[in-house]
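K.L.:
Supplied structure: query38.cif, mmCIF, N, CA and C atoms and all ligand atoms.
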data_coords
loop_
_atom_site.label_atom_id
_atom_site.label_comp_id
_atom_site.auth_asym_id
_atom_site.auth_seq_id
_atom_site.Cartn_x
_atom_site.Cartn_y
_atom_site.Cartn_z
N ALA W 1 -3.15 2.39 22.83
CA ALA W 1 -2.74 2.76 21.47
C ALA W 1 -3.84 3.57 20.79
N ASP W 2 -3.42 4.46 19.90
CA ASP W 2 -4.38 5.32 19.20
C ASP W 2 -4.87 4.60 17.94
N ASP W 3 -6.11 4.13 18.00
CA ASP W 3 -6.65 3.43 16.83
C ASP W 3 -7.63 4.32 16.05
N SER W 4 -7.51 5.64 16.22
CA SER W 4 -8.49 6.53 15.58
C SER W 4 -8.41 6.46 14.06
N LEU W 5 -7.21 6.35 13.51
CA LEU W 5 -7.11 6.30 12.05
C LEU W 5 -7.71 4.98 11.53
N TYR W 6 -7.40 3.90 12.22
CA TYR W 6 -7.98 2.59 11.85
C TYR W 6 -9.52 2.69 11.82
N ASN W 7 -10.08 3.30 12.83
CA ASN W 7 -11.53 3.43 12.88
C ASN W 7 -12.06 4.35 11.79
N GLU W 8 -11.34 5.45 11.52
CA GLU W 8 -11.76 6.35 10.44
C GLU W 8 -11.77 5.64 9.08
N LEU W 9 -10.84 4.71 8.93
CA LEU W 9 -10.76 3.95 7.66
C LEU W 9 -11.87 2.90 7.56
N GLY W 10 -12.61 2.72 8.63
CA GLY W 10 -13.69 1.72 8.62
C GLY W 10 -13.24 0.36 9.11
N GLY W 11 -12.15 0.33 9.87
CA GLY W 11 -11.68 -0.92 10.46
C GLY W 11 -11.28 -1.93 9.39
N SER W 12 -11.33 -3.19 9.74
CA SER W 12 -10.82 -4.21 8.82
C SER W 12 -11.65 -4.28 7.54
N ALA W 13 -12.95 -4.08 7.63
CA ALA W 13 -13.80 -4.13 6.42
C ALA W 13 -13.48 -2.95 5.50
N GLY W 14 -13.26 -1.77 6.08
CA GLY W 14 -12.95 -0.60 5.28
C GLY W 14 -11.62 -0.76 4.58
N ILE W 15 -10.63 -1.26 5.31
CA ILE W 15 -9.30 -1.46 4.73
C ILE W 15 -9.36 -2.53 3.64
N ARG W 16 -10.12 -3.58 3.88
CA ARG W 16 -10.24 -4.64 2.87
C ARG W 16 -10.82 -4.08 1.58
N ARG W 17 -11.84 -3.24 1.68
CA ARG W 17 -12.46 -2.64 0.49
C ARG W 17 -11.46 -1.80 -0.29
N VAL W 18 -10.69 -0.99 0.42
CA VAL W 18 -9.73 -0.11 -0.26
C VAL W 18 -8.65 -0.95 -0.97
N VAL W 19 -8.13 -1.96 -0.29
CA VAL W 19 -7.07 -2.79 -0.89
C VAL W 19 -7.61 -3.57 -2.08
N ALA W 20 -8.85 -4.06 -1.96
CA ALA W 20 -9.46 -4.83 -3.06
C ALA W 20 -9.65 -3.94 -4.29
N ASP W 21 -9.81 -2.64 -4.07
CA ASP W 21 -9.95 -1.68 -5.16
C ASP W 21 -8.57 -1.27 -5.68
N LEU W 22 -7.59 -1.15 -4.77
CA LEU W 22 -6.25 -0.71 -5.15
C LEU W 22 -5.53 -1.73 -6.04
N VAL W 23 -5.62 -3.00 -5.71
CA VAL W 23 -4.80 -4.01 -6.40
C VAL W 23 -5.07 -4.05 -7.91
N PRO W 24 -6.32 -4.12 -8.36
CA PRO W 24 -6.54 -4.06 -9.82
C PRO W 24 -6.14 -2.71 -10.42
N ALA W 25 -6.21 -1.65 -9.62
CA ALA W 25 -5.79 -0.33 -10.13
C ALA W 25 -4.28 -0.31 -10.39
N LEU W 26 -3.51 -0.98 -9.54
CA LEU W 26 -2.06 -1.06 -9.76
C LEU W 26 -1.77 -1.85 -11.04
N GLN W 27 -2.54 -2.92 -11.23
CA GLN W 27 -2.32 -3.75 -12.42
C GLN W 27 -2.75 -3.04 -13.70
N ALA W 28 -3.59 -2.01 -13.56
CA ALA W 28 -4.07 -1.26 -14.73
C ALA W 28 -3.23 -0.01 -14.98
N ASP W 29 -2.32 0.31 -14.09
CA ASP W 29 -1.57 1.56 -14.18
C ASP W 29 -0.28 1.34 -14.97
N ALA W 30 -0.25 1.86 -16.18
CA ALA W 30 0.88 1.62 -17.09
C ALA W 30 2.21 2.16 -16.54
N ARG W 31 2.14 3.07 -15.58
CA ARG W 31 3.38 3.63 -15.01
C ARG W 31 4.11 2.61 -14.14
N ILE W 32 3.39 1.62 -13.63
CA ILE W 32 3.99 0.70 -12.66
C ILE W 32 3.64 -0.77 -12.87
N ASN W 33 2.70 -1.09 -13.78
CA ASN W 33 2.19 -2.46 -13.78
C ASN W 33 3.20 -3.52 -14.21
N ALA W 34 4.22 -3.13 -14.97
CA ALA W 34 5.23 -4.13 -15.37
C ALA W 34 5.92 -4.72 -14.13
N THR W 35 6.05 -3.90 -13.10
CA THR W 35 6.72 -4.36 -11.88
C THR W 35 5.94 -5.48 -11.20
N PHE W 36 4.65 -5.53 -11.47
CA PHE W 36 3.80 -6.53 -10.79
C PHE W 36 3.59 -7.79 -11.62
N ASP W 37 4.24 -7.87 -12.79
CA ASP W 37 4.13 -9.09 -13.62
C ASP W 37 4.58 -10.31 -12.82
N GLY W 38 3.75 -11.33 -12.80
CA GLY W 38 4.14 -12.58 -12.15
C GLY W 38 4.07 -12.55 -10.64
N VAL W 39 3.61 -11.44 -10.06
CA VAL W 39 3.52 -11.35 -8.60
C VAL W 39 2.21 -11.99 -8.12
N ASP W 40 2.28 -12.66 -7.00
CA ASP W 40 1.09 -13.24 -6.36
C ASP W 40 0.27 -12.11 -5.74
N MET W 41 -0.71 -11.62 -6.49
CA MET W 41 -1.44 -10.42 -6.06
C MET W 41 -2.38 -10.71 -4.88
N GLU W 42 -2.73 -11.98 -4.70
CA GLU W 42 -3.54 -12.30 -3.51
C GLU W 42 -2.72 -12.16 -2.24
N ARG W 43 -1.49 -12.65 -2.31
CA ARG W 43 -0.60 -12.47 -1.16
C ARG W 43 -0.35 -10.98 -0.92
N LEU W 44 -0.07 -10.25 -2.00
CA LEU W 44 0.19 -8.82 -1.86
C LEU W 44 -0.99 -8.13 -1.18
N ALA W 45 -2.20 -8.45 -1.63
CA ALA W 45 -3.39 -7.82 -1.03
C ALA W 45 -3.48 -8.15 0.46
N ALA W 46 -3.24 -9.41 0.81
CA ALA W 46 -3.34 -9.82 2.21
C ALA W 46 -2.30 -9.08 3.06
N LYS W 47 -1.08 -8.95 2.54
CA LYS W 47 -0.02 -8.28 3.30
C LYS W 47 -0.29 -6.78 3.40
N LEU W 48 -0.82 -6.20 2.32
CA LEU W 48 -1.15 -4.77 2.38
C LEU W 48 -2.24 -4.50 3.42
N GLU W 49 -3.24 -5.37 3.46
CA GLU W 49 -4.30 -5.20 4.47
C GLU W 49 -3.72 -5.21 5.87
N GLU W 50 -2.85 -6.18 6.11
CA GLU W 50 -2.23 -6.28 7.44
C GLU W 50 -1.41 -5.04 7.77
N GLN W 51 -0.65 -4.60 6.77
CA GLN W 51 0.23 -3.46 7.00
C GLN W 51 -0.57 -2.18 7.24
N PHE W 52 -1.60 -1.95 6.43
CA PHE W 52 -2.41 -0.74 6.62
C PHE W 52 -3.12 -0.80 7.98
N CYS W 53 -3.52 -1.99 8.39
CA CYS W 53 -4.16 -2.15 9.69
C CYS W 53 -3.18 -1.79 10.80
N GLU W 54 -1.98 -2.33 10.73
CA GLU W 54 -1.00 -2.03 11.79
C GLU W 54 -0.61 -0.55 11.79
N VAL W 55 -0.31 -0.03 10.60
CA VAL W 55 0.14 1.36 10.48
C VAL W 55 -0.93 2.35 10.98
N SER W 56 -2.20 1.97 10.85
CA SER W 56 -3.28 2.88 11.26
C SER W 56 -3.67 2.67 12.73
N GLY W 57 -2.95 1.80 13.42
CA GLY W 57 -3.22 1.60 14.84
C GLY W 57 -4.21 0.49 15.15
N GLY W 58 -4.53 -0.32 14.14
CA GLY W 58 -5.48 -1.42 14.35
C GLY W 58 -4.81 -2.63 15.00
N PRO W 59 -5.63 -3.66 15.25
CA PRO W 59 -5.17 -4.81 16.03
C PRO W 59 -4.48 -5.88 15.18
N CYS W 60 -3.55 -5.48 14.31
CA CYS W 60 -2.89 -6.45 13.44
C CYS W 60 -1.39 -6.31 13.59
N LYS W 61 -0.71 -7.39 13.20
CA LYS W 61 0.74 -7.37 13.18
C LYS W 61 1.13 -7.76 11.76
N TYR W 62 1.87 -6.87 11.07
CA TYR W 62 2.33 -7.15 9.72
C TYR W 62 3.24 -8.39 9.74
N SER W 63 2.94 -9.37 8.87
CA SER W 63 3.70 -10.62 8.87
C SER W 63 4.49 -10.81 7.58
N GLY W 64 4.55 -9.76 6.75
CA GLY W 64 5.26 -9.89 5.48
C GLY W 64 6.76 -9.68 5.63
N LYS W 65 7.41 -9.70 4.50
CA LYS W 65 8.85 -9.45 4.49
C LYS W 65 9.10 -7.97 4.75
N ASP W 66 10.31 -7.65 5.23
CA ASP W 66 10.56 -6.24 5.51
C ASP W 66 10.63 -5.46 4.19
N MET W 67 10.26 -4.20 4.29
CA MET W 67 10.07 -3.35 3.09
C MET W 67 11.33 -3.24 2.25
N THR W 68 12.50 -3.18 2.88
CA THR W 68 13.74 -3.06 2.11
C THR W 68 13.99 -4.33 1.30
N THR W 69 13.90 -5.47 1.96
CA THR W 69 14.17 -6.74 1.28
C THR W 69 13.23 -6.96 0.09
N ILE W 70 11.95 -6.71 0.31
CA ILE W 70 10.98 -7.03 -0.75
C ILE W 70 11.15 -6.13 -1.97
N HIS W 71 11.58 -4.89 -1.75
CA HIS W 71 11.63 -3.95 -2.87
C HIS W 71 13.02 -3.73 -3.45
N GLU W 72 14.06 -4.32 -2.84
CA GLU W 72 15.41 -3.85 -3.20
C GLU W 72 15.82 -4.15 -4.65
N ASP W 73 15.29 -5.22 -5.24
CA ASP W 73 15.68 -5.54 -6.62
C ASP W 73 14.69 -5.03 -7.67
N LEU W 74 13.70 -4.28 -7.24
CA LEU W 74 12.62 -3.90 -8.16
C LEU W 74 12.92 -2.63 -8.94
N LYS W 75 13.96 -1.89 -8.54
CA LYS W 75 14.33 -0.65 -9.23
C LYS W 75 13.15 0.31 -9.37
N VAL W 76 12.51 0.57 -8.25
CA VAL W 76 11.38 1.49 -8.22
C VAL W 76 11.89 2.93 -8.13
N SER W 77 11.37 3.79 -9.02
CA SER W 77 11.75 5.20 -9.01
C SER W 77 10.82 6.00 -8.10
N ARG W 78 11.26 7.21 -7.78
CA ARG W 78 10.41 8.10 -6.98
C ARG W 78 9.08 8.38 -7.70
N ALA W 79 9.15 8.54 -9.02
CA ALA W 79 7.91 8.79 -9.78
C ALA W 79 6.96 7.61 -9.67
N GLN W 80 7.52 6.39 -9.67
CA GLN W 80 6.66 5.19 -9.54
C GLN W 80 6.08 5.09 -8.13
N PHE W 81 6.89 5.47 -7.16
CA PHE W 81 6.37 5.50 -5.79
C PHE W 81 5.18 6.46 -5.71
N ASN W 82 5.35 7.64 -6.30
CA ASN W 82 4.27 8.62 -6.28
C ASN W 82 3.04 8.11 -7.03
N ALA W 83 3.27 7.32 -8.09
CA ALA W 83 2.14 6.77 -8.85
C ALA W 83 1.32 5.82 -7.97
N LEU W 84 2.00 4.99 -7.21
CA LEU W 84 1.28 4.08 -6.32
C LEU W 84 0.50 4.86 -5.26
N VAL W 85 1.12 5.89 -4.73
CA VAL W 85 0.43 6.71 -3.72
C VAL W 85 -0.83 7.34 -4.32
N GLU W 86 -0.70 7.81 -5.56
CA GLU W 86 -1.86 8.40 -6.26
C GLU W 86 -2.96 7.36 -6.45
N ASP W 87 -2.58 6.15 -6.82
CA ASP W 87 -3.57 5.07 -7.01
C ASP W 87 -4.27 4.73 -5.69
N LEU W 88 -3.49 4.74 -4.61
CA LEU W 88 -4.09 4.46 -3.29
C LEU W 88 -5.07 5.57 -2.91
N GLN W 89 -4.66 6.81 -3.17
CA GLN W 89 -5.55 7.92 -2.85
C GLN W 89 -6.86 7.82 -3.64
N ALA W 90 -6.76 7.47 -4.91
CA ALA W 90 -7.95 7.35 -5.74
C ALA W 90 -8.83 6.20 -5.24
N ALA W 91 -8.21 5.10 -4.81
CA ALA W 91 -8.99 3.96 -4.29
C ALA W 91 -9.73 4.36 -3.01
N MET W 92 -9.06 5.15 -2.16
CA MET W 92 -9.74 5.61 -0.94
C MET W 92 -10.88 6.55 -1.29
N ARG W 93 -10.65 7.44 -2.26
CA ARG W 93 -11.69 8.38 -2.67
C ARG W 93 -12.91 7.62 -3.21
N ARG W 94 -12.67 6.62 -4.05
CA ARG W 94 -13.78 5.84 -4.60
C ARG W 94 -14.57 5.13 -3.52
N ASN W 95 -13.92 4.87 -2.38
CA ASN W 95 -14.59 4.18 -1.29
C ASN W 95 -15.02 5.13 -0.17
N ASP W 96 -15.14 6.41 -0.54
CA ASP W 96 -15.70 7.43 0.36
C ASP W 96 -14.92 7.63 1.65
N VAL W 97 -13.61 7.38 1.60
CA VAL W 97 -12.77 7.72 2.75
C VAL W 97 -12.60 9.25 2.74
N PRO W 98 -12.89 9.93 3.85
CA PRO W 98 -12.75 11.39 3.88
C PRO W 98 -11.32 11.83 3.58
N SER W 99 -11.16 13.01 2.96
CA SER W 99 -9.82 13.40 2.52
C SER W 99 -8.86 13.56 3.70
N ARG W 100 -9.35 14.02 4.83
CA ARG W 100 -8.50 14.12 6.02
C ARG W 100 -7.93 12.74 6.41
N THR W 101 -8.78 11.73 6.31
CA THR W 101 -8.37 10.36 6.64
C THR W 101 -7.39 9.84 5.59
N GLN W 102 -7.67 10.14 4.33
CA GLN W 102 -6.74 9.76 3.25
C GLN W 102 -5.35 10.31 3.57
N ASN W 103 -5.32 11.59 3.93
CA ASN W 103 -4.03 12.25 4.17
C ASN W 103 -3.32 11.67 5.38
N ARG W 104 -4.08 11.28 6.39
CA ARG W 104 -3.44 10.68 7.57
C ARG W 104 -2.75 9.38 7.21
N LEU W 105 -3.43 8.52 6.42
CA LEU W 105 -2.79 7.25 6.05
C LEU W 105 -1.58 7.51 5.14
N LEU W 106 -1.76 8.39 4.16
CA LEU W 106 -0.66 8.66 3.22
C LEU W 106 0.56 9.21 3.96
N ALA W 107 0.33 10.02 4.99
CA ALA W 107 1.45 10.58 5.75
C ALA W 107 2.23 9.48 6.47
N ARG W 108 1.55 8.43 6.87
CA ARG W 108 2.25 7.33 7.56
C ARG W 108 3.00 6.43 6.59
N LEU W 109 2.55 6.42 5.33
CA LEU W 109 3.21 5.57 4.33
C LEU W 109 4.35 6.32 3.61
N ALA W 110 4.25 7.64 3.56
CA ALA W 110 5.20 8.43 2.77
C ALA W 110 6.67 8.15 3.12
N PRO W 111 7.01 8.03 4.43
CA PRO W 111 8.43 7.80 4.75
C PRO W 111 8.97 6.47 4.21
N MET W 112 8.08 5.57 3.78
CA MET W 112 8.53 4.27 3.27
C MET W 112 9.26 4.41 1.94
N HIS W 113 9.23 5.60 1.34
CA HIS W 113 9.99 5.77 0.09
C HIS W 113 11.45 5.42 0.32
N ARG W 114 11.92 5.62 1.56
CA ARG W 114 13.33 5.32 1.86
C ARG W 114 13.64 3.84 1.69
N GLU W 115 12.65 2.99 1.94
CA GLU W 115 12.87 1.55 1.79
C GLU W 115 12.53 1.05 0.39
N VAL W 116 11.62 1.77 -0.30
CA VAL W 116 11.06 1.26 -1.56
C VAL W 116 11.81 1.79 -2.78
N VAL W 117 12.20 3.06 -2.76
CA VAL W 117 12.78 3.70 -3.95
C VAL W 117 14.28 3.41 -3.99
N THR W 118 14.73 2.74 -5.06
CA THR W 118 16.15 2.39 -5.17
C THR W 118 16.73 2.89 -6.49
N LYS W 119 15.99 3.68 -7.21
CA LYS W 119 16.45 4.11 -8.54
C LYS W 119 16.12 5.57 -8.76
C1 LIG M 201 4.08 3.12 0.40
C2 LIG M 201 4.39 2.37 -0.63
C3 LIG M 201 4.44 0.87 -0.62
C4 LIG M 201 4.02 -0.02 0.34
C5 LIG M 201 3.37 0.29 1.68
C6 LIG M 201 4.28 -1.34 -0.17
C7 LIG M 201 3.98 -2.51 0.50
C8 LIG M 201 4.23 -3.78 0.04
C9 LIG M 201 3.93 -5.00 0.74
C10 LIG M 201 3.27 -5.07 2.12
C11 LIG M 201 4.32 -6.04 -0.02
C12 LIG M 201 4.16 -7.54 0.29
C13 LIG M 201 5.34 -8.07 1.07
C14 LIG M 201 5.31 -9.58 1.18
O1 LIG M 201 4.83 -10.27 0.26
O2 LIG M 201 5.79 -10.12 2.22
C15 LIG M 201 4.87 -5.47 -1.24
C16 LIG M 201 5.36 -6.19 -2.30
C17 LIG M 201 5.62 -5.67 -3.53
N1 LIG M 201 5.68 -4.33 -3.86
FE1 LIG M 201 5.36 -2.80 -2.61
N2 LIG M 201 4.85 -1.25 -1.41
C18 LIG M 201 4.95 0.09 -1.71
C19 LIG M 201 5.43 0.61 -2.89
C20 LIG M 201 5.68 -0.10 -4.03
C21 LIG M 201 5.93 0.46 -5.34
C22 LIG M 201 5.97 1.96 -5.64
C23 LIG M 201 6.10 -0.58 -6.20
C24 LIG M 201 6.36 -0.59 -7.68
C25 LIG M 201 6.04 0.37 -8.48
C26 LIG M 201 5.96 -1.80 -5.42
C27 LIG M 201 6.08 -3.07 -5.93
C28 LIG M 201 5.95 -4.23 -5.19
C29 LIG M 201 6.08 -5.57 -5.77
C30 LIG M 201 6.36 -5.90 -7.23
C31 LIG M 201 5.88 -6.47 -4.72
C32 LIG M 201 5.92 -8.01 -4.78
C33 LIG M 201 7.34 -8.48 -4.68
C34 LIG M 201 7.44 -10.00 -4.66
O3 LIG M 201 6.45 -10.68 -4.35
O4 LIG M 201 8.52 -10.48 -4.98
N3 LIG M 201 5.71 -1.47 -4.11
N4 LIG M 201 4.80 -4.09 -1.17
#
Give the structure from the file, written as structure tokens.
Ligand code: HEM

P.N.:
Amino acid sequence: ADDSLYNELGGSAGIRRVVADLVPALQADARINATFDGVDMERLAAKLEEQFCEVSGGPCKYSGKDMTTIHEDLKVSRAQFNALVEDLQAAMRRNDVPSRTQNRLLARLAPMHREVVTK
């Protein structure tokens, strides 16, 4: 398996740093934070770490709920999806992830709009 993206992200420690930075940024982002009211953000962070690890070719298996089920009642718009992507990009930038690496991860997450955006 190609784990080059996982390694570029700094492996599990690098991914953990980015997610730990992303989660409070989502809660601070007025475009999307209402959606996260009452959500167990520790669980969310743990599942995001697993998912980014698997998607980047690392040695993890995502154990969360499937993307359609988890997001189907949230009424997420395309603009809100883009807002989250922007927040993730900023979190990677703050943690010195090279822009080429940022773009590689974002390209693997972008198709998930089909499962996440329902409005
Ligand atoms: C590429 C984009 C996205 C990815 C990779 C993603 C990934 C995830 C993951 C892994 C979980 C945890 C699943 C679990 O607990 O089993 C989750 C939950 C959640 N996501 Fe997303 N998500 C994305 C976009 C969004 C957007 C744009 C919003 C809202 C603006 C959103 C709102 C939520 C909420 C509120 C939960 C918690 C739901 C609950 O616990 O009931 N997500 N997401």

K.L.:
Between atom N of Arg16 of chain W and atom N of Lys119 of chain W, what distance in Å does the model show, to one decimal?

P.N.:
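A separation of 29.3 Å between them.
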
K.L.:
As a CSV table (one decimal) with N, CA and C atoms, in the coordinates of the input, please: every protein or nucleic acid residue near ligand LIG 201 (chain M) (cut-off 8 Å, counting all atoms listed in the file).

P.N.:
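The resulting file, part14.csv, is reproduced below:
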chain,number,residue,atom,x,y,z
W,31,ARG,N,2.1,3.1,-15.6
W,31,ARG,CA,3.4,3.6,-15.0
W,31,ARG,C,4.1,2.6,-14.1
W,32,ILE,N,3.4,1.6,-13.6
W,32,ILE,CA,4.0,0.7,-12.7
W,32,ILE,C,3.6,-0.8,-12.9
W,33,ASN,N,2.7,-1.1,-13.8
W,33,ASN,CA,2.2,-2.5,-13.8
W,33,ASN,C,3.2,-3.5,-14.2
W,34,ALA,N,4.2,-3.1,-15.0
W,34,ALA,CA,5.2,-4.1,-15.4
W,34,ALA,C,5.9,-4.7,-14.1
W,35,THR,N,6.0,-3.9,-13.1
W,35,THR,CA,6.7,-4.4,-11.9
W,35,THR,C,5.9,-5.5,-11.2
W,36,PHE,N,4.6,-5.5,-11.5
W,36,PHE,CA,3.8,-6.5,-10.8
W,36,PHE,C,3.6,-7.8,-11.6
W,37,ASP,N,4.2,-7.9,-12.8
W,37,ASP,CA,4.1,-9.1,-13.6
W,37,ASP,C,4.6,-10.3,-12.8
W,38,GLY,N,3.8,-11.3,-12.8
W,38,GLY,CA,4.1,-12.6,-12.2
W,38,GLY,C,4.1,-12.6,-10.6
W,39,VAL,N,3.6,-11.4,-10.1
W,39,VAL,CA,3.5,-11.4,-8.6
W,39,VAL,C,2.2,-12.0,-8.1
W,40,ASP,N,2.3,-12.7,-7.0
W,40,ASP,CA,1.1,-13.2,-6.4
W,40,ASP,C,0.3,-12.1,-5.7
W,41,MET,N,-0.7,-11.6,-6.5
W,41,MET,CA,-1.4,-10.4,-6.1
W,41,MET,C,-2.4,-10.7,-4.9
W,43,ARG,N,-1.5,-12.6,-2.3
W,43,ARG,CA,-0.6,-12.5,-1.2
W,43,ARG,C,-0.4,-11.0,-0.9
W,44,LEU,N,-0.1,-10.2,-2.0
W,44,LEU,CA,0.2,-8.8,-1.9
W,44,LEU,C,-1.0,-8.1,-1.2
W,45,ALA,N,-2.2,-8.4,-1.6
W,45,ALA,CA,-3.4,-7.8,-1.0
W,45,ALA,C,-3.5,-8.2,0.5
W,46,ALA,N,-3.2,-9.4,0.8
W,46,ALA,CA,-3.3,-9.8,2.2
W,46,ALA,C,-2.3,-9.1,3.1
W,47,LYS,N,-1.1,-9.0,2.5
W,47,LYS,CA,0.0,-8.3,3.3
W,47,LYS,C,-0.3,-6.8,3.4
W,48,LEU,N,-0.8,-6.2,2.3
W,48,LEU,CA,-1.2,-4.8,2.4
W,48,LEU,C,-2.2,-4.5,3.4
W,49,GLU,N,-3.2,-5.4,3.5
W,49,GLU,CA,-4.3,-5.2,4.5
W,49,GLU,C,-3.7,-5.2,5.9
W,50,GLU,N,-2.8,-6.2,6.1
W,50,GLU,CA,-2.2,-6.3,7.4
W,50,GLU,C,-1.4,-5.0,7.8
W,51,GLN,N,-0.6,-4.6,6.8
W,51,GLN,CA,0.2,-3.5,7.0
W,51,GLN,C,-0.6,-2.2,7.2
W,52,PHE,N,-1.6,-2.0,6.4
W,52,PHE,CA,-2.4,-0.7,6.6
W,52,PHE,C,-3.1,-0.8,8.0
W,62,TYR,N,1.9,-6.9,11.1
W,62,TYR,CA,2.3,-7.2,9.7
W,62,TYR,C,3.2,-8.4,9.7
W,63,SER,N,2.9,-9.4,8.9
W,63,SER,CA,3.7,-10.6,8.9
W,63,SER,C,4.5,-10.8,7.6
W,64,GLY,N,4.6,-9.8,6.8
W,64,GLY,CA,5.3,-9.9,5.5
W,64,GLY,C,6.8,-9.7,5.6
W,65,LYS,N,7.4,-9.7,4.5
W,65,LYS,CA,8.8,-9.4,4.5
W,65,LYS,C,9.1,-8.0,4.8
W,66,ASP,N,10.3,-7.6,5.2
W,66,ASP,CA,10.6,-6.2,5.5
W,66,ASP,C,10.6,-5.5,4.2
W,67,MET,N,10.3,-4.2,4.3
W,67,MET,CA,10.1,-3.4,3.1
W,67,MET,C,11.3,-3.2,2.2
W,69,THR,N,13.9,-5.5,2.0
W,69,THR,CA,14.2,-6.7,1.3
W,69,THR,C,13.2,-7.0,0.1
W,70,ILE,N,12.0,-6.7,0.3
W,70,ILE,CA,11.0,-7.0,-0.8
W,70,ILE,C,11.2,-6.1,-2.0
W,71,HIS,N,11.6,-4.9,-1.8
W,71,HIS,CA,11.6,-4.0,-2.9
W,71,HIS,C,13.0,-3.7,-3.4
W,74,LEU,N,13.7,-4.3,-7.2
W,74,LEU,CA,12.6,-3.9,-8.2
W,74,LEU,C,12.9,-2.6,-8.9
W,75,LYS,N,14.0,-1.9,-8.5
W,75,LYS,CA,14.3,-0.6,-9.2
W,75,LYS,C,13.2,0.3,-9.4
W,76,VAL,N,12.5,0.6,-8.2
W,76,VAL,CA,11.4,1.5,-8.2
W,76,VAL,C,11.9,2.9,-8.1
W,77,SER,N,11.4,3.8,-9.0
W,77,SER,CA,11.8,5.2,-9.0
W,77,SER,C,10.8,6.0,-8.1
W,78,ARG,N,11.3,7.2,-7.8
W,78,ARG,CA,10.4,8.1,-7.0
W,78,ARG,C,9.1,8.4,-7.7
W,79,ALA,N,9.2,8.5,-9.0
W,79,ALA,CA,7.9,8.8,-9.8
W,79,ALA,C,7.0,7.6,-9.7
W,80,GLN,N,7.5,6.4,-9.7
W,80,GLN,CA,6.7,5.2,-9.5
W,80,GLN,C,6.1,5.1,-8.1
W,81,PHE,N,6.9,5.5,-7.2
W,81,PHE,CA,6.4,5.5,-5.8
W,81,PHE,C,5.2,6.5,-5.7
W,82,ASN,N,5.4,7.6,-6.3
W,82,ASN,CA,4.3,8.6,-6.3
W,82,ASN,C,3.0,8.1,-7.0
W,83,ALA,N,3.3,7.3,-8.1
W,83,ALA,CA,2.1,6.8,-8.8
W,83,ALA,C,1.3,5.8,-8.0
W,84,LEU,N,2.0,5.0,-7.2
W,84,LEU,CA,1.3,4.1,-6.3
W,84,LEU,C,0.5,4.9,-5.3
W,85,VAL,N,1.1,5.9,-4.7
W,85,VAL,CA,0.4,6.7,-3.7
W,85,VAL,C,-0.8,7.3,-4.3
W,106,LEU,N,-1.8,8.4,4.2
W,106,LEU,CA,-0.7,8.7,3.2
W,106,LEU,C,0.6,9.2,4.0
W,108,ARG,N,1.6,8.4,6.9
W,108,ARG,CA,2.2,7.3,7.6
W,108,ARG,C,3.0,6.4,6.6
W,109,LEU,N,2.6,6.4,5.3
W,109,LEU,CA,3.2,5.6,4.3
W,109,LEU,C,4.4,6.3,3.6
W,110,ALA,N,4.2,7.6,3.6
W,110,ALA,CA,5.2,8.4,2.8
W,110,ALA,C,6.7,8.2,3.1
W,111,PRO,N,7.0,8.0,4.4
W,111,PRO,CA,8.4,7.8,4.8
W,111,PRO,C,9.0,6.5,4.2
W,112,MET,N,8.1,5.6,3.8
W,112,MET,CA,8.5,4.3,3.3
W,112,MET,C,9.3,4.4,1.9
W,113,HIS,N,9.2,5.6,1.3
W,113,HIS,CA,10.0,5.8,0.1
W,113,HIS,C,11.4,5.4,0.3
W,115,GLU,N,12.6,3.0,1.9
W,115,GLU,CA,12.9,1.6,1.8
W,115,GLU,C,12.5,1.0,0.4
W,116,VAL,N,11.6,1.8,-0.3
W,116,VAL,CA,11.1,1.3,-1.6
W,116,VAL,C,11.8,1.8,-2.8
W,117,VAL,N,12.2,3.1,-2.8
W,117,VAL,CA,12.8,3.7,-4.0
W,117,VAL,C,14.3,3.4,-4.0

K.L.:
Give me, please, the distance in Å between atom N of Val97 of chain W and atom C of Pro59 of chain W, quoted to one decimal.

P.N.:
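Atom-to-atom, atom N of Val97 of chain W to atom C of Pro59 of chain W, that is 21.1 Å.
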
K.L.:
Go through W:Arg100, W:Ser4, W:Thr118, W:Leu26 one by one, measure the shortest atom-to-atom distance of each to Gly58 of chain W using all atoms listed in the file, and give the residue with the smallest value.

P.N.:
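That would be W:Ser4, the residue with the smallest distance to Gly58 of chain W.
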
K.L.:
For the structure I just gave you, how does DSSP split segment 12-114 of chain W - specifically, which residues are alpha helix (DSSP H)? Reply as a PyMOL selection string.

P.N.:
chain W and resi 12-28+41-55+67-71+78-94+99-109+113-114

K.L.:
Could you produce a table of the residues of segment 84-116 of chain W lying within 8 Å of segment 19-25 of chain W, with the nearest pair of atoms per residue and their separation in Å rounded to one decimal, using only N, CA and C atoms, ordered by chain and increasing residue number, as CSV?

P.N.:
residue,atom,partner,partner_atom,distance
W:Asp87,C,W:Leu22,CA,5.8
W:Leu88,CA,W:Leu22,CA,5.9
W:Gln89,N,W:Leu22,CA,7.9
W:Ala90,C,W:Leu22,CA,7.4
W:Ala91,CA,W:Leu22,N,5.3
W:Met92,N,W:Leu22,N,7.0

K.L.:
Have a look at W:Ala13, W:Cys53, W:Gln27, W:Leu5 and name the one nearest to Thr101 of chain W; count only N, CA and C atoms.

P.N.:
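Using only N, CA and C atoms, Thr101 of chain W sits closest to W:Leu5.
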
K.L.:
Go ahead and compute the interatomic distance for atom C of Asn95 of chain W and atom C of Arg17 of chain W, in Å to one decimal.

P.N.:
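Distance reported for this atom pair: 7.8 Å.
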
K.L.:
For Leu9 of chain W, which residue out of W:Pro98, W:Glu86, W:Ala28, W:Glu42 is the nearest one, using only N, CA and C atoms?

P.N.:
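Among W:Pro98, W:Glu86, W:Ala28, W:Glu42, it is W:Pro98 that comes nearest to Leu9 of chain W.
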